[in-house]
Every structure is written in C-alpha cells, then in structure tokens.
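Reproduced below: work_14.tsv, with TSV, C-alpha atoms.
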chain	number	residue	atom	x	y	z
A	808	MET	CA	0.00	0.00	0.00
A	809	ASN	CA	1.39	3.36	-0.94
A	810	ARG	CA	1.44	6.11	1.60
A	811	THR	CA	-0.87	9.05	1.67
A	812	ASP	CA	0.49	11.45	-0.94
A	813	TYR	CA	0.67	14.82	0.79
A	814	ASN	CA	1.58	16.32	-2.55
A	815	VAL	CA	-2.11	16.07	-3.46
A	816	GLN	CA	-3.78	15.72	-0.06
A	817	PRO	CA	-4.86	18.57	2.24
A	818	PRO	CA	-3.07	19.09	5.55
A	819	TYR	CA	-4.74	18.00	8.79
A	820	LEU	CA	-4.77	21.51	10.18
A	821	TYR	CA	-6.03	24.18	7.77
A	822	PRO	CA	-6.94	27.18	9.94
A	823	GLU	CA	-8.99	28.90	7.21
A	824	TYR	CA	-11.41	26.00	7.67
A	825	LYS	CA	-12.01	26.87	11.29
A	826	SER	CA	-13.32	23.54	12.53
A	827	THR	CA	-9.92	21.94	11.86
A	828	VAL	CA	-8.34	24.00	14.65
A	829	LEU	CA	-9.73	21.90	17.51
A	830	ARG	CA	-10.32	18.70	15.56
A	831	SER	CA	-7.03	17.87	13.87
A	832	PRO	CA	-4.37	15.78	15.59
A	833	ALA	CA	-1.68	18.02	17.08
A	834	LYS	CA	0.91	15.26	17.36
A	835	PRO	CA	2.45	13.53	14.34
A	836	LEU	CA	0.70	10.39	13.18
A	837	MET	CA	2.44	7.13	13.96
A	838	ILE	CA	3.79	5.24	10.98
A	839	VAL	CA	2.89	1.54	11.11
A	840	LYS	CA	4.66	-1.41	9.58
A	841	GLU	CA	3.87	-2.43	6.03
A	842	HIS	CA	2.07	-5.71	6.73
A	843	LEU	CA	-0.54	-4.02	8.85
A	844	LYS	CA	-1.61	-1.67	6.12
A	845	ASP	CA	-2.92	-4.23	3.67
A	846	LEU	CA	-5.66	-5.43	5.98
A	847	SER	CA	-8.73	-6.23	3.88
A	848	LEU	CA	-12.01	-4.45	4.44
A	849	PRO	CA	-15.30	-6.36	4.13
A	850	ALA	CA	-16.81	-6.91	0.70
A	851	PHE	CA	-20.50	-6.05	0.45
A	852	GLY	CA	-22.81	-8.09	-1.75
A	853	GLU	CA	-25.32	-6.83	-4.31
A	854	SER	CA	-28.10	-7.96	-1.98
A	855	ALA	CA	-27.20	-5.06	0.32
A	856	ILE	CA	-28.12	-2.53	-2.38
A	857	GLY	CA	-31.74	-1.57	-3.12
A	858	LYS	CA	-33.15	-1.17	-6.61
A	859	PHE	CA	-33.23	2.64	-6.63
A	860	ASP	CA	-30.31	3.25	-4.29
A	861	ASN	CA	-28.31	4.77	-7.16
A	862	ASP	CA	-31.16	6.89	-8.50
A	863	LEU	CA	-31.70	9.88	-6.22
A	864	THR	CA	-34.44	11.19	-8.51
A	865	LYS	CA	-36.51	8.11	-7.62
A	866	ASN	CA	-35.41	6.78	-4.24
A	867	ALA	CA	-37.39	9.34	-2.23
A	868	ARG	CA	-40.04	10.15	-4.82
A	869	LYS	CA	-43.52	10.52	-3.30
A	870	ASN	CA	-45.85	12.04	-5.85
A	871	GLN	CA	-43.69	13.77	-8.46
A	872	ASP	CA	-40.13	14.09	-9.66
A	873	PRO	CA	-37.78	16.17	-7.50
A	874	ILE	CA	-37.33	19.78	-8.59
A	875	GLY	CA	-34.07	20.71	-10.28
A	876	GLU	CA	-31.70	19.88	-13.05
A	877	ARG	CA	-31.49	16.11	-13.55
A	878	ILE	CA	-27.90	14.93	-14.01
A	879	LYS	CA	-25.98	11.70	-14.31
A	880	VAL	CA	-22.72	11.36	-12.35
A	881	SER	CA	-20.58	8.43	-13.42
A	882	GLY	CA	-17.00	7.33	-13.13
A	883	LYS	CA	-14.50	4.69	-12.36
A	884	VAL	CA	-12.81	3.73	-9.10
A	885	MET	CA	-9.17	2.75	-9.66
A	886	ASP	CA	-5.92	2.22	-7.84
A	887	GLU	CA	-2.89	4.38	-8.58
A	888	ASP	CA	-1.84	2.05	-11.37
A	889	GLY	CA	-5.15	2.62	-13.12
A	890	ARG	CA	-6.47	-0.83	-12.32
A	891	PRO	CA	-10.25	-0.80	-11.87
A	892	LEU	CA	-11.49	-1.69	-8.40
A	893	ARG	CA	-14.64	-3.76	-8.52
A	894	ASN	CA	-17.19	-4.22	-5.77
A	895	VAL	CA	-16.25	-0.98	-4.03
A	896	LEU	CA	-19.03	0.58	-1.93
A	897	VAL	CA	-19.69	4.14	-3.12
A	898	GLU	CA	-22.11	6.18	-0.99
A	899	ILE	CA	-23.13	9.75	-1.75
A	900	TRP	CA	-25.10	12.58	-0.15
A	901	GLN	CA	-25.88	16.12	-1.16
A	902	ALA	CA	-28.08	19.19	-0.82
A	903	ASN	CA	-31.19	19.54	-2.99
A	904	SER	CA	-31.43	21.93	-5.95
A	905	ALA	CA	-32.17	24.83	-3.59
A	906	GLY	CA	-29.01	24.21	-1.57
A	907	ARG	CA	-30.85	22.67	1.38
A	908	TYR	CA	-29.74	19.52	3.17
A	909	ILE	CA	-32.46	17.38	4.70
A	910	HIS	CA	-30.36	16.90	7.86
A	911	LYS	CA	-32.36	17.81	10.98
A	912	GLU	CA	-29.83	20.34	12.23
A	913	GLU	CA	-29.77	22.23	8.97
A	914	ILE	CA	-31.18	25.75	9.34
A	915	HIS	CA	-30.50	27.33	5.94
A	916	ASP	CA	-33.65	29.16	4.86
A	917	ALA	CA	-34.27	27.33	1.59
A	918	PRO	CA	-37.07	24.88	0.80
A	919	LEU	CA	-36.93	21.15	1.33
A	920	ASP	CA	-38.14	19.02	-1.56
A	921	PRO	CA	-40.60	16.36	-0.38
A	922	ASN	CA	-39.53	14.17	-3.31
A	923	PHE	CA	-35.81	14.32	-2.65
A	924	LEU	CA	-33.65	12.87	0.12
A	925	GLY	CA	-30.20	13.29	-1.40
A	926	ALA	CA	-28.69	9.95	-0.40
A	927	GLY	CA	-27.53	7.12	-2.65
A	928	ARG	CA	-25.19	4.17	-2.83
A	929	MET	CA	-23.99	1.42	-5.14
A	930	LEU	CA	-21.19	-1.06	-5.72
A	931	THR	CA	-18.77	-0.63	-8.59
A	932	ASP	CA	-19.10	-3.17	-11.41
A	933	ASN	CA	-16.37	-5.44	-12.81
A	934	ASP	CA	-14.79	-2.47	-14.61
A	935	GLY	CA	-14.78	-0.38	-11.45
A	936	ARG	CA	-17.65	1.78	-12.75
A	937	TYR	CA	-20.46	3.48	-10.87
A	938	SER	CA	-23.27	5.73	-12.08
A	939	PHE	CA	-25.86	7.80	-10.21
A	940	TYR	CA	-28.84	9.80	-11.41
A	941	THR	CA	-29.47	12.81	-9.24
A	942	ILE	CA	-30.40	16.50	-9.15
A	943	LYS	CA	-27.69	19.11	-9.39
A	944	PRO	CA	-27.16	20.40	-5.84
A	945	GLY	CA	-27.43	24.11	-5.11
A	946	ALA	CA	-24.82	26.28	-3.43
A	947	TYR	CA	-25.10	26.36	0.32
A	948	PRO	CA	-24.22	29.01	2.94
A	949	TRP	CA	-22.32	28.02	6.07
A	950	GLY	CA	-20.97	29.67	9.18
A	951	ASN	CA	-17.22	29.42	8.70
A	952	HIS	CA	-16.85	33.16	8.10
A	953	TYR	CA	-18.95	36.13	7.02
A	954	ASN	CA	-20.80	35.41	3.74
A	955	ALA	CA	-19.36	31.92	3.41
A	956	TRP	CA	-20.83	29.72	0.66
A	957	ARG	CA	-19.94	26.20	-0.35
A	958	PRO	CA	-19.58	25.57	-4.08
A	959	ASN	CA	-22.06	23.03	-5.50
A	960	HIS	CA	-20.80	19.64	-4.43
A	961	ILE	CA	-21.69	16.00	-3.89
A	962	HIS	CA	-20.17	14.13	-0.92
A	963	PHE	CA	-18.62	10.73	-1.65
A	964	SER	CA	-17.75	7.94	0.78
A	965	VAL	CA	-15.70	5.15	-0.81
A	966	LEU	CA	-14.99	1.85	0.93
A	967	GLY	CA	-12.52	-0.23	-1.09
A	968	HIS	CA	-10.72	-3.51	-0.58
A	969	GLN	CA	-8.12	-2.58	2.01
A	970	ILE	CA	-8.07	-0.42	5.10
A	971	GLY	CA	-6.02	2.18	3.23
A	972	HIS	CA	-8.78	2.30	0.61
A	973	ARG	CA	-11.10	4.32	2.81
A	974	LEU	CA	-11.82	7.73	1.35
A	975	VAL	CA	-14.35	10.46	2.02
A	976	THR	CA	-14.26	13.33	-0.41
A	977	GLN	CA	-16.39	15.87	-2.30
A	978	MET	CA	-17.01	16.22	-6.02
A	979	TYR	CA	-17.35	19.70	-7.49
A	980	PHE	CA	-18.71	21.02	-10.79
A	981	PRO	CA	-16.60	22.68	-13.48
A	982	GLY	CA	-16.18	26.46	-13.45
A	983	ASP	CA	-17.79	27.15	-10.08
A	984	PRO	CA	-17.20	30.82	-9.14
A	985	LEU	CA	-17.09	29.90	-5.44
A	986	PHE	CA	-13.91	27.80	-5.67
A	987	GLU	CA	-11.63	30.70	-4.81
A	988	PHE	CA	-13.65	31.57	-1.71
A	989	ASP	CA	-14.09	28.08	-0.25
A	990	PRO	CA	-11.51	27.01	2.35
A	991	ILE	CA	-12.52	23.34	2.17
A	992	PHE	CA	-11.79	23.21	-1.56
A	993	GLN	CA	-8.74	25.44	-1.08
A	994	SER	CA	-7.30	23.10	1.57
A	995	VAL	CA	-6.14	20.87	-1.30
A	996	PRO	CA	-2.80	21.87	-2.88
A	997	VAL	CA	-3.47	24.10	-5.89
A	998	HIS	CA	-2.22	21.68	-8.55
A	999	ALA	CA	-4.40	18.85	-7.19
A	1000	ARG	CA	-7.71	20.73	-6.97
A	1001	GLU	CA	-8.74	19.74	-10.49
A	1002	LEU	CA	-8.83	16.12	-9.26
A	1003	LEU	CA	-11.98	17.04	-7.32
A	1004	ILE	CA	-13.77	18.67	-10.24
A	1005	ALA	CA	-16.02	16.47	-12.38
A	1006	LYS	CA	-15.68	16.68	-16.16
A	1007	PHE	CA	-18.72	17.65	-18.19
A	1008	ARG	CA	-19.29	14.83	-20.70
A	1009	MET	CA	-21.44	15.87	-23.66
A	1010	ASP	CA	-20.92	12.41	-25.16
A	1011	TRP	CA	-22.41	10.74	-22.06
A	1012	THR	CA	-25.31	13.17	-21.85
A	1013	GLU	CA	-28.70	11.55	-22.43
A	1014	PRO	CA	-30.65	13.59	-25.01
A	1015	GLU	CA	-33.74	15.26	-23.58
A	1016	PHE	CA	-33.10	13.61	-20.21
A	1017	ALA	CA	-29.93	14.39	-18.26
A	1018	LEU	CA	-26.57	16.15	-18.55
A	1019	ALA	CA	-23.63	13.91	-17.69
A	1020	TYR	CA	-20.54	14.42	-15.53
A	1021	GLU	CA	-17.55	12.14	-15.08
A	1022	PHE	CA	-15.82	11.83	-11.70
A	1023	ASN	CA	-13.07	9.24	-11.41
A	1024	ILE	CA	-11.73	8.22	-8.02
A	1025	VAL	CA	-8.18	7.02	-7.44
A	1026	LEU	CA	-7.49	5.15	-4.21
A	1027	ARG	CA	-4.06	4.44	-2.85
A	1028	GLY	CA	-2.75	1.49	-4.82
A	1029	LYS	CA	-1.13	-1.61	-3.45
A	1030	CYS	CA	2.64	-1.33	-3.66
A	1031	GLN	CA	4.00	-3.10	-6.76
A	1032	THR	CA	7.56	-3.60	-5.57
A	1033	PRO	CA	8.84	-4.71	-2.19
A	1034	PHE	CA	11.64	-2.13	-2.36
A	1035	GLU	CA	9.75	1.06	-1.68
B	1451	MET	CA	7.00	11.19	-8.29
B	1452	ASP	CA	6.36	8.18	-10.54
B	1453	ASP	CA	4.87	9.52	-13.77
B	1454	ASN	CA	3.07	6.28	-14.53
B	1455	LYS	CA	0.96	6.57	-11.42
B	1456	LEU	CA	-2.40	8.24	-11.33
B	1457	GLN	CA	-2.77	10.88	-8.66
B	1458	GLN	CA	-4.75	9.96	-5.56
B	1459	THR	CA	-8.10	11.63	-5.23
B	1460	PRO	CA	-7.69	14.26	-2.48
B	1461	SER	CA	-9.63	13.75	0.73
B	1462	GLN	CA	-12.25	16.23	1.93
B	1463	THR	CA	-14.21	16.51	5.15
B	1464	ILE	CA	-17.29	14.38	5.75
B	1465	GLY	CA	-19.00	17.62	6.85
B	1466	PRO	CA	-21.86	17.86	9.34
B	1467	PHE	CA	-24.65	16.34	7.22
B	1468	PHE	CA	-23.62	12.76	6.43
B	1469	ALA	CA	-26.20	11.09	8.66
B	1470	TYR	CA	-29.17	10.77	6.28
B	1471	SER	CA	-27.00	8.74	3.91
B	1472	LEU	CA	-24.30	6.95	5.91
B	1473	THR	CA	-26.12	6.34	9.22
B	1474	ALA	CA	-29.72	6.93	8.14
B	1475	GLN	CA	-31.53	4.38	10.31
B	1476	GLN	CA	-29.70	5.38	13.48
B	1477	TYR	CA	-30.83	8.98	12.94
B	1478	GLY	CA	-34.37	8.07	11.87
B	1479	TYR	CA	-34.18	9.01	8.21
B	1480	ASN	CA	-36.19	7.10	5.67
B	1481	PHE	CA	-33.29	5.27	4.01
B	1482	ASN	CA	-32.10	1.87	5.11
B	1483	SER	CA	-28.59	1.24	6.42
B	1484	ILE	CA	-26.40	-1.65	5.40
B	1485	VAL	CA	-24.11	-1.23	8.39
B	1486	ASN	CA	-24.98	-0.09	11.91
B	1487	GLY	CA	-23.83	-0.17	15.52
B	1488	SER	CA	-24.01	-3.93	15.84
B	1489	LEU	CA	-21.07	-5.98	14.57
B	1490	ILE	CA	-22.89	-9.19	15.39
B	1491	ILE	CA	-26.25	-10.83	15.29
B	1492	ASP	CA	-26.98	-12.46	18.66
B	1493	SER	CA	-25.80	-15.90	17.65
B	1494	ALA	CA	-22.15	-14.95	17.03
B	1495	GLU	CA	-19.58	-17.04	18.88
B	1496	GLY	CA	-17.60	-15.26	21.57
B	1497	GLU	CA	-17.93	-13.01	24.59
B	1498	GLN	CA	-20.52	-10.34	23.91
B	1499	ILE	CA	-19.29	-6.85	24.76
B	1500	PHE	CA	-20.19	-3.21	24.21
B	1501	ILE	CA	-17.66	-0.61	23.07
B	1502	THR	CA	-18.66	2.81	24.32
B	1503	GLY	CA	-17.11	6.24	24.52
B	1504	ASN	CA	-16.96	9.81	23.31
B	1505	ILE	CA	-14.88	11.78	20.88
B	1506	PHE	CA	-13.48	15.01	22.34
B	1507	ASP	CA	-12.16	18.09	20.57
B	1508	GLY	CA	-9.13	20.14	21.65
B	1509	GLU	CA	-11.17	21.97	24.29
B	1510	GLY	CA	-12.57	18.76	25.78
B	1511	ASN	CA	-16.03	19.14	24.29
B	1512	ALA	CA	-17.75	15.98	23.08
B	1513	ILE	CA	-18.11	15.98	19.29
B	1514	HIS	CA	-21.65	15.37	18.06
B	1515	ASP	CA	-21.03	15.13	14.31
B	1516	ALA	CA	-18.35	12.48	13.99
B	1517	MET	CA	-18.74	9.08	12.34
B	1518	ILE	CA	-16.85	6.10	13.68
B	1519	GLU	CA	-16.39	2.73	11.98
B	1520	LEU	CA	-15.10	-0.43	13.66
B	1521	TRP	CA	-13.56	-3.41	11.87
B	1522	GLN	CA	-12.44	-6.47	13.76
B	1523	ALA	CA	-11.67	-10.17	13.67
B	1524	ASP	CA	-14.05	-12.76	15.10
B	1525	ALA	CA	-13.53	-14.65	18.38
B	1526	ASN	CA	-11.04	-16.97	16.65
B	1527	GLY	CA	-8.98	-14.16	15.17
B	1528	ASN	CA	-10.38	-14.37	11.63
B	1529	TYR	CA	-11.67	-11.44	9.63
B	1530	GLN	CA	-15.02	-12.05	7.94
B	1531	ASN	CA	-14.11	-10.64	4.56
B	1532	GLN	CA	-17.50	-11.20	2.97
B	1533	PHE	CA	-19.94	-8.95	4.82
B	1534	LYS	CA	-22.77	-11.04	6.23
B	1535	THR	CA	-26.18	-10.11	7.46
B	1536	ASP	CA	-26.27	-12.84	10.08
B	1537	GLY	CA	-23.89	-14.17	12.72
B	1538	PHE	CA	-20.63	-12.28	12.90
B	1539	LYS	CA	-20.32	-9.19	10.68
B	1540	GLY	CA	-17.19	-7.58	12.07
B	1541	PHE	CA	-17.89	-4.14	10.62
B	1542	GLY	CA	-19.96	-1.41	12.24
B	1543	ARG	CA	-20.67	2.28	11.89
B	1544	LEU	CA	-22.24	4.94	14.13
B	1545	GLY	CA	-22.60	8.70	14.19
B	1546	THR	CA	-22.20	10.54	17.49
B	1547	GLY	CA	-25.31	12.70	17.06
B	1548	THR	CA	-28.14	10.63	18.49
B	1549	GLU	CA	-27.31	10.31	22.20
B	1550	GLU	CA	-27.75	13.17	24.64
B	1551	ASP	CA	-24.15	12.84	25.80
B	1552	LYS	CA	-22.84	12.38	22.20
B	1553	SER	CA	-21.54	8.92	22.99
B	1554	PHE	CA	-21.33	5.90	20.74
B	1555	THR	CA	-22.07	2.32	21.84
B	1556	PHE	CA	-21.29	-0.61	19.58
B	1557	LYS	CA	-22.39	-4.15	20.24
B	1558	THR	CA	-19.86	-6.81	19.32
B	1559	ILE	CA	-17.82	-9.73	20.62
B	1560	LYS	CA	-14.29	-9.67	21.95
B	1561	PRO	CA	-12.00	-10.39	18.97
B	1562	GLY	CA	-9.43	-13.16	19.12
B	1563	SER	CA	-5.76	-12.43	18.68
B	1564	ILE	CA	-4.34	-12.54	15.17
B	1565	ASN	CA	-0.76	-12.87	13.87
B	1566	ASN	CA	0.72	-12.55	17.37
B	1567	GLN	CA	-0.98	-9.23	17.87
B	1568	ALA	CA	-3.02	-8.62	20.98
B	1569	PRO	CA	-6.80	-8.65	20.43
B	1570	HIS	CA	-7.82	-5.31	18.97
B	1571	ILE	CA	-10.40	-3.47	16.91
B	1572	ASN	CA	-9.51	-1.16	14.00
B	1573	VAL	CA	-11.09	2.29	14.21
B	1574	ILE	CA	-11.82	4.47	11.19
B	1575	LEU	CA	-12.86	8.00	12.11
B	1576	PHE	CA	-14.39	10.94	10.24
B	1577	MET	CA	-15.86	14.24	11.42
B	1578	ARG	CA	-16.69	17.77	10.42
B	1579	GLY	CA	-13.43	19.64	10.80
B	1580	SER	CA	-11.27	16.70	9.80
B	1581	LEU	CA	-10.04	16.82	6.22
B	1582	HIS	CA	-8.82	13.22	6.38
B	1583	VAL	CA	-9.80	9.76	7.40
B	1584	LEU	CA	-8.15	8.93	10.75
B	1585	TYR	CA	-7.12	5.48	11.91
B	1586	THR	CA	-6.56	4.18	15.41
B	1587	ARG	CA	-7.00	0.94	17.37
B	1588	ILE	CA	-8.83	-0.28	20.43
B	1589	TYR	CA	-6.99	-2.72	22.71
B	1590	PHE	CA	-8.39	-4.20	25.92
B	1591	ASN	CA	-7.10	-3.60	29.43
B	1592	ASP	CA	-7.67	-7.21	30.49
B	1593	GLU	CA	-5.58	-8.76	27.71
B	1594	LEU	CA	-1.85	-9.34	27.44
B	1595	ASN	CA	-0.77	-6.34	25.43
B	1596	ASP	CA	2.93	-6.27	26.27
B	1597	HIS	CA	4.12	-7.99	23.12
B	1598	ASP	CA	1.82	-6.42	20.60
B	1599	PRO	CA	4.02	-5.06	17.78
B	1600	ILE	CA	1.98	-1.89	17.35
B	1601	LEU	CA	1.57	-1.07	21.02
B	1602	VAL	CA	5.24	-1.56	21.86
B	1603	SER	CA	6.18	0.88	19.11
B	1604	VAL	CA	4.02	3.58	20.71
B	1605	GLU	CA	5.72	5.84	23.26
B	1606	PRO	CA	4.94	4.27	26.67
B	1607	GLN	CA	3.22	7.38	28.02
B	1608	ARG	CA	0.75	7.36	25.10
B	1609	ARG	CA	-0.13	3.64	25.06
B	1610	ASP	CA	-3.06	4.14	27.40
B	1611	THR	CA	-4.85	6.17	24.73
B	1612	LEU	CA	-5.32	2.91	22.79
B	1613	ILE	CA	-6.54	0.73	25.64
B	1614	ALA	CA	-10.22	0.39	26.47
B	1615	LYS	CA	-11.22	-0.10	30.12
B	1616	ARG	CA	-13.54	-2.89	31.14
B	1617	THR	CA	-16.56	-2.34	33.37
B	1618	GLU	CA	-19.62	-4.43	34.07
B	1619	LYS	CA	-23.09	-3.05	34.48
B	1620	GLU	CA	-26.35	-4.98	34.87
B	1621	GLY	CA	-24.70	-8.16	33.68
B	1622	LYS	CA	-23.31	-6.57	30.52
B	1623	ILE	CA	-19.66	-6.04	29.69
B	1624	PHE	CA	-18.61	-2.59	28.56
B	1625	TYR	CA	-15.25	-1.39	27.33
B	1626	HIS	CA	-14.86	2.34	27.60
B	1627	PHE	CA	-12.81	3.97	24.85
B	1628	ASP	CA	-12.64	7.74	24.47
B	1629	ILE	CA	-10.93	9.44	21.57
B	1630	HIS	CA	-9.19	12.77	22.19
B	1631	MET	CA	-8.31	14.76	19.10
B	1632	GLN	CA	-5.76	16.92	20.93
B	1633	GLY	CA	-4.32	17.69	24.35
B	1634	GLU	CA	-2.53	15.67	26.98
B	1635	LYS	CA	-4.60	12.57	26.28
B	1636	GLU	CA	-4.44	12.91	22.48
B	1637	THR	CA	-5.19	9.54	20.92
B	1638	VAL	CA	-2.46	7.95	18.85
B	1639	PHE	CA	-3.52	7.99	15.21
B	1640	PHE	CA	-1.78	5.87	12.57
B	1641	ASP	CA	-0.42	6.83	9.22
B	1642	ILE	CA	-1.56	3.73	7.37

Please, can you express the file's structure as structure tokens?
Amino acid sequence: MNRTDYNVQPPYLYPEYKSTVLRSPAKPLMIVKEHLKDLSLPAFGESAIGKFDNDLTKNARKNQDPIGERIKVSGKVMDEDGRPLRNVLVEIWQANSAGRYIHKEEIHDAPLDPNFLGAGRMLTDNDGRYSFYTIKPGAYPWGNHYNAWRPNHIHFSVLGHQIGHRLVTQMYFPGDPLFEFDPIFQSVPVHARELLIAKFRMDWTEPEFALAYEFNIVLRGKCQTPFE
Amino acid sequence: MDDNKLQQTPSQTIGPFFAYSLTAQQYGYNFNSIVNGSLIIDSAEGEQIFITGNIFDGEGNAIHDAMIELWQADANGNYQNQFKTDGFKGFGRLGTGTEEDKSFTFKTIKPGSINNQAPHINVILFMRGSLHVLYTRIYFNDELNDHDPILVSVEPQRRDTLIAKRTEKEGKIFYHFDIHMQGEKETVFFDI
C-alpha cells in the first residue's frame, strides 16, 4: 500500500477552515509497519443494495419528480496504477437543488423538496464503474466566516478492498465561481484541486433527459515492488 | 513522483450532514442502512461486549457530528471478509449525534488475537473539521498487550490512549474507549 500522498492531499490543520483548529491531531501520526496496512475491508454483496439506491431522482419520490436539473454522475474507481477496483461501496449525499440539506440540524432558509432525500449508494461493477442519477445540488451558505458559501458539491464515501482504501471526499462542478472563496476546496494543494472537479461529458449526456458528468476516483494502490 | 501513477483523489471533510446517507436508520431518516452499531447478530460465537465512549475536541467538548467505523476479527482471530447479514459481521458504523451525551455504543464480541498481535479493533474515524480519514485501534485492558508489535512501538506514556477499560453493568460487559483529538490525552492515530 502506498502512503498518503501529501503532494495532493490537504493538511490535517487548515486554519482557514475553522473547525480543523480543535479537531485535527496536534501530534504527528504514527507510521505503522507495512504488513498491517494491507488489511482487507469487508466486501459487500449486491443484496445489500436496493433497486433505486443509485437513483436519487426516484429513491425518495412521493408524488412527483424532485425539482431541479437532472444529471448523471458516473466514473471509475481505480488504484494508482489505473487498475479498476470492482465491488467498491460508493455512498453519496448532497443538498437539494435549492441548496438545502435534509439533515435535521440544517437551518438554511431554503425549501426542502418532499420528493428528494439526497442519499444514494452502489457497488462498482467489474470495470470499477459506478453511475448515479441525481439532481444538481445548489450552493449552500455556512458559518465558517462572514458570507461563506460552499460551491455546488456532492459528498462521496468510498470503501474499497483494504483499510487504506477508505476515502471520504467531495465532487465539485466545473467552473464554479465559489472555488476561490471556499476554504474546504482550497485546503487541497493548488495543482491537485482539479482532481476534485467532475468533467462535463457531452458524449455521455442523455438527449432530452440528463446532462452527464464524469468523476473518477483514485485510491491508494497496493505497492508493486517490495523495495519502496 | 512516478509519472506512470495516477494521482490519488484528495480527501475532503465528511462535513456535518452525512447522517441521512451513511447512518440513516440510526438517525431516523427514511433510508435503510447496510451497516450499523451492531457488529454481530446475537448468535455470534464469543464473549458479547459493548464498546462505548466519546470523541473530544481540543477543548474537551464531546463531538456530536463524527462518524466512527469499527472493523475487527471474530472470536477466533479471523476477519469475515464477505460482509454477512447474520452471525458475525465484524464491521460497524455509528454517528455521534443521536445520544444526549454524544456517545457511541457498539455491540460486538471480543476479537481473538491474530498474527501474534493482541486482540484489537480497528477504528476508522471521520468528522466535520477533519479533512482526512483517521485510523486508530482499540486494545483491551484485560488482555496481554505487552508484546503487541503496534503497542510496543508507541511511546509508553501514550499507550493508554489505545486501551479500552472494562466495566460491568447490569450483567453486561462494557469497554470504555474515548478518543481525544488533541491535548494531553491525544489519541495515537496511525499513518496507514
């Protein structure tokens, strides 16, 4: 298993994102021996996944389609050598098209959509692929600083084959004007930020149905050589 | 840097609003959960225990929007690599936002020892305000921990942060394990 690459990863403490100040380890992490890192994580079976779990436009539908711009978000989960990772659990959550999360503590004054929850999950197929239908999330204000707004984003939780394959991240949309003002996005080194931005894919777009975005996910790969 | 390698996807915070997707049933949202706070179904072999504790920030306040995952071997020291829905599952997940005191309580069995390591449970931790996944381990204060290869490599004065304390209450066995993000009792986290 390769180490966390701090060339592309954010630091633990990023004071502009204020909540990191009291919640990031102050002492250095302890490096553990190689053989302990390759511990397998559990594999989930298809039976765990419901029929509409990967269609957020349907999985909370009550009497009509959710309001907003229908999109398809698809991609591939790979290791650092580009090998597809099959049977990886991908879970997502997001705000609705008005920028409102359904979470009970959420107080942003924007409407809930009775036909939209904003949660989904699926397992990657044999080629490491996943695909969700959803509604494009709205921008969302938060309390980090005066007039703070999160860019449109979808949260991803990825549970791969080994303990080092555990990733939680956020996918952003191309050209968002809020990127330069968002400390969570900015916590990532500048040259690596594009890795979090989905690509618009006209060729994957479904005519008269849904625009398509591609978001590939690269997990730390298993070490190829014993000499690292 | 090796040019043939793809770049890792950067990590981002789990944020405060994960519950309706990742721990939906625990929080009462209308979406089922495929993992929860029980690592076993009642019939699993082994000594039934509860793992309970809090996660504290740098000012000692209990954190109410963290998510903790546990992954452990069964009573014989074997990991159940295919996730089951009966017997021993070995994997669990809870948020810290549903109890008044912001505690978590997992139901499981005491794991067996594996590869000459002392019995332990792997902990995977996320929270608002953490930009990364964090890893630590739970050991048990009534086991022989002196020869565990991980524990002996931890500075002696910090080893206690990895050891859960046994208590019994109303016939049930609890192991208390608090996580401190910072301060004198800062938990040892691993760079895996």

Please compute the CA of Met978 in chain A-CA of Lys943 in chain A distance, one decimal, in Å.
11.6 Å

How many Å separate CA of Phe1533 in chain B from CA of Gly1487 in chain B?
14.4 Å

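Relative to CA of Lys879 in chain A, CA of Leu1018 in chain A is found at 6.2 Å.
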
When you look at Ala1019 in chain A with a cut-off of 7 Å (counting only C-alpha atoms), what residues show up, excluding the ones that are within fewer than 5 positions of it in the same chain? I need them as JSON, numbers by chain.
{"A": [878, 879, 880, 1007, 1008, 1009, 1011, 1012]}

Residue list for chain B near chain A as a count of residues only, 8 Å, only C-alpha atoms
46

Find the residues near Pro984 in chain A: any atom within 12 Å, counting only C-alpha atoms, skip ones fewer than 2 places away on the same chain, and give them as a PyMOL selection string.
chain A and resi 946+956-959+979-982+986-989

Which residues are close to Phe1500 in chain B, i.e. within 7 Å by all atoms listed in the file, leaving aside same-chain residues fewer than 6 positions away? Reply as a ChimeraX atom specification.
/B:1555-1558,1623-1625

Please report, as AutoDock Vina command-line options, the centre and edge lengths in Å to one decimal of an axis-aligned box covering all listed atoms of range 979-982 of chain A with 6 Å per side.
--center_x -17.4 --center_y 23.1 --center_z -10.5 --size_x 14.5 --size_y 18.8 --size_z 18.0

Just give me the residues with any atom within 9 Å of (-24.1, -4.2, 9.5), file coordinates, counting only C-alpha atoms, written as a PyMOL selection string.
chain B and resi 1483-1490+1533-1536+1539-1543

Just want the 12 Å neighbourhood of Asn870 in chain A, counted on only C-alpha atoms, with same-chain residues fewer than 5 positions away dropped. Output as a PyMOL selection string.
chain A and resi 864-865+920-923

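Using all atoms listed in the file, the residues found no farther than 7 Å from Met1517 in chain B, other than those of its own chain fewer than 6 positions away, are Leu1544, Gly1545, Thr1546, Leu1575, Phe1576 and Met1577 of chain B.
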
Which is closer to Glu1605 in chain B than all the others in B:His1630, B:Lys1552, B:Tyr1589, B:Thr1637, using only C-alpha atoms?
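The closest residue to Glu1605 in chain B is B:Thr1637.
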
Please rebuild range 942-953 of chain A with N, CA and C atoms and give the result as a CSV table (one decimal), in the frame of the given file.
chain,number,residue,atom,x,y,z
A,942,ILE,N,-30.1,15.1,-8.8
A,942,ILE,CA,-30.4,16.5,-9.2
A,942,ILE,C,-29.2,17.3,-8.8
A,943,LYS,N,-28.9,18.3,-9.7
A,943,LYS,CA,-27.7,19.1,-9.4
A,943,LYS,C,-27.9,19.9,-8.1
A,944,PRO,N,-27.0,19.7,-7.1
A,944,PRO,CA,-27.2,20.4,-5.8
A,944,PRO,C,-26.9,21.9,-6.0
A,945,GLY,N,-27.6,22.7,-5.1
A,945,GLY,CA,-27.4,24.1,-5.1
A,945,GLY,C,-26.3,24.5,-4.2
A,946,ALA,N,-25.8,25.7,-4.3
A,946,ALA,CA,-24.8,26.3,-3.4
A,946,ALA,C,-25.4,26.4,-2.0
A,947,TYR,N,-24.6,26.5,-1.0
A,947,TYR,CA,-25.1,26.4,0.3
A,947,TYR,C,-24.3,27.3,1.3
A,948,PRO,N,-25.0,28.1,2.0
A,948,PRO,CA,-24.2,29.0,2.9
A,948,PRO,C,-23.9,28.3,4.2
A,949,TRP,N,-22.7,28.6,4.8
A,949,TRP,CA,-22.3,28.0,6.1
A,949,TRP,C,-21.6,29.0,6.9
A,950,GLY,N,-21.4,28.7,8.2
A,950,GLY,CA,-21.0,29.7,9.2
A,950,GLY,C,-19.5,29.9,9.4
A,951,ASN,N,-18.7,29.4,8.5
A,951,ASN,CA,-17.2,29.4,8.7
A,951,ASN,C,-16.7,30.8,8.8
A,952,HIS,N,-17.2,31.7,8.1
A,952,HIS,CA,-16.8,33.2,8.1
A,952,HIS,C,-18.0,34.0,7.5
A,953,TYR,N,-17.9,35.3,7.5
A,953,TYR,CA,-19.0,36.1,7.0
A,953,TYR,C,-19.2,35.8,5.5
